[in-house]
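J.: After the structure tokens below, expect a handful of questions from me.
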Amino acid sequence: MKLEEYNISVDKHSDGVFRFILKNIKDEDKARDIVQDSFEKLWRNVENVNFLKVKSYLYTTAYRTMIDLIRREKRKEDFDHVDVSEYSHSQHYTDLKEILDQALDRLSDIQRSVVLLRDYEGYNYQEIAEITELSESQVKVYIYRARKKMKEYIGRMEAVI
Amino acid sequence: MKIITRNNYEEFFLDYIEGEISAPDKGALESFLVQNPDLKMELDEMMDMDLKIEGGTFQSESDSLKAIPFQKNFDDFCIAKIEGDLNAYENEAFEKYMASHSEKEKDFSLYRKTKVSVDPSISFPNKRGLKKKNKAIVFRQFVFTTLATAASIAILFSIWTTEIENDPTNFGNQQVSQNASMPIAIPDSVKRKISIRLT
């Protein structure tokens with residue numbers, strides 16, 4: 001890849017990678033670090049990465065860095081950790097976006113990642129499988145399970161409003 | 001051996017369903033399910049899912065419209081519809097089914113709401129910091145900066161030496177002419193010695 005193509009990649013993909021990571025880990029500083037690390041890795045390997053495949057390279061790199069970070073941080077927690085995504089039903093939800101964000105929060109890390117790759121970036125099952133190192137069938141099952149969970153949660157919340 | 005928790009159990013479920021789970025993990029999974037009976041139900045549901053994953057099409061018992069199990073697997077067909085996993089025949093069949101079962105519209109609508117859309121207001125704050133410059137440009141800038149600095153030093157030095165030449169007193173230097181006489185002060189002790197010798 002040429003220098004110009006690398007800089008084009010920054011313009012085209014930094015926002016998308018940032019949104020994807022931020023939506024997963026909810027920490028802007030760490031999301032920024034992951035994006036920077038991903039592009040630094042790309043730059044170190046710039047001569048070996050095909051410009052046509054740079055998007056999947058970036059998402060793969062960012063996803064794996066994110067998962068490593070999540071697993072490192074979870075190991076620090078007590079295994080009796082209570083699911084903090086349980087929201088009080090006394091809260092008043094004002095719009096679908098908030099409910100949808102909360103539904104996403106209730107998914108497992110992998111479920112949330114595959115849904116975001118699907119909906120944000122329009123990746124197909126095979127592409128998501130390559131990024132997440134899952135099989136295509138696993139990706140489909142994760143997405144289907146995620147949609148069911150989200151649908152049930154949205155339905156409960158809308159009934160409360 | 002990886003510990004199974006409520007945050008990572010799905011990985012083990014999938015390995016179990018696909019027959020790829022190791023013996024130690026299988027034992028751990030069985031113990032985990034005893035402690036988490038609600039997840040046992042979830043595993044049973046996953047195993048009951050009537051999906052034909054390969055090829056992305058549903059396994060219909062027959063090509064007859066009536067035979068497509070919308071009623072039994074309605075949720076799965078809703079998801080398949082929004083994921084674009086239905087073939088043309090199934091798509092048409094699903095739409096006909098929905099047209100004649102308006103009571104199902106609410107559920108299908110909830111599934112449509114699960115599609116997440118991008119928030120364009122979120123952007124990476126420092127793209128410029130990610131970009132790289134042309135190495136040749138960087139080198140030229142370095143050379144230019146170095147030459148400019150050297151030139152500045154040379155100019156300052158020149159100004160300083162010129163000031164010295166124009167007004168040497170300011171710098172404590174006295175230039176003495178060979179023809180000018182300078183009185184030399186004779187100490188009193190020397191004068192007395194000279195006067196004693198003369199007398």
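Just remember, in the structure tokens the first chain shown is A, the second B, etc., residues are 1-based per chain, and ligands are 1-based in the order shown.
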Taking only C-alpha atoms into account, which residues of chain B are within 10 Å of chain A, as a count of residues only?

T.: 57

J.: For the structure I just gave you, how does DSSP split chain A - specifically, which residues are helix (DSSP H, G or I)? Reply as a VMD selection string.

T.: chain A and resid 3 to 25 28 to 44 51 to 75 96 to 105 109 to 121 125 to 132 136 to 160

J.: Near Ser56 (chain A), counting only C-alpha atoms, which residues have an atom at most 10 Å away, once you skip same-chain residues fewer than 6 positions from it, shown as an NGL selection string?

T.: :A and (13 or 62 or 123 or 127-128 or 130-131)

J.: The selected residues should be written to file as an mmCIF file, in the first residue's frame (atoms: N, CA and C atoms).

T.:
data_model
loop_
_atom_site.group_PDB
_atom_site.id
_atom_site.type_symbol
_atom_site.label_atom_id
_atom_site.label_comp_id
_atom_site.auth_asym_id
_atom_site.auth_seq_id
_atom_site.Cartn_x
_atom_site.Cartn_y
_atom_site.Cartn_z
ATOM 1 N N HIS A 13 -11.877 5.097 7.224
ATOM 2 C CA HIS A 13 -12.216 4.052 8.184
ATOM 3 C C HIS A 13 -12.023 4.404 9.654
ATOM 4 N N ALA A 62 -8.557 -4.155 15.286
ATOM 5 C CA ALA A 62 -9.221 -3.432 16.375
ATOM 6 C C ALA A 62 -10.061 -4.376 17.232
ATOM 7 N N TYR A 123 -21.265 -5.993 6.913
ATOM 8 C CA TYR A 123 -20.466 -7.174 6.597
ATOM 9 C C TYR A 123 -21.375 -8.390 6.471
ATOM 10 N N GLU A 127 -17.465 -12.500 6.167
ATOM 11 C CA GLU A 127 -16.539 -11.422 6.536
ATOM 12 C C GLU A 127 -16.472 -11.275 8.051
ATOM 13 N N ILE A 128 -17.647 -11.359 8.698
ATOM 14 C CA ILE A 128 -17.659 -11.263 10.152
ATOM 15 C C ILE A 128 -16.893 -12.438 10.760
ATOM 16 N N GLU A 130 -14.352 -13.973 9.524
ATOM 17 C CA GLU A 130 -12.907 -13.738 9.385
ATOM 18 C C GLU A 130 -12.406 -12.747 10.425
ATOM 19 N N ILE A 131 -13.208 -11.731 10.681
ATOM 20 C CA ILE A 131 -12.783 -10.713 11.642
ATOM 21 C C ILE A 131 -12.757 -11.264 13.055
#

J.: Kindly give the distance, in Å, that separates CA of Lys12 (chain A) and CA of Leu42 (chain A), rounded to a single decimal.

T.: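 Rounded to one decimal, the two atoms are 14.1 Å apart.
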
J.: Using only C-alpha atoms, pick whichever of A:Ile67, A:Val139, A:Leu58, A:Val114 has the shortest atom-to-atom distance to Val46 (chain A).

T.: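 Using only C-alpha atoms, the shortest distance to Val46 (chain A) belongs to A:Leu58.
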
J.: Kindly give the distance, in Å, that separates CA of His101 (chain B) and CA of Phe77 (chain B), rounded to a single decimal.

T.: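 About the pair CA of His101 (chain B) and CA of Phe77 (chain B): they are 14.1 Å apart.
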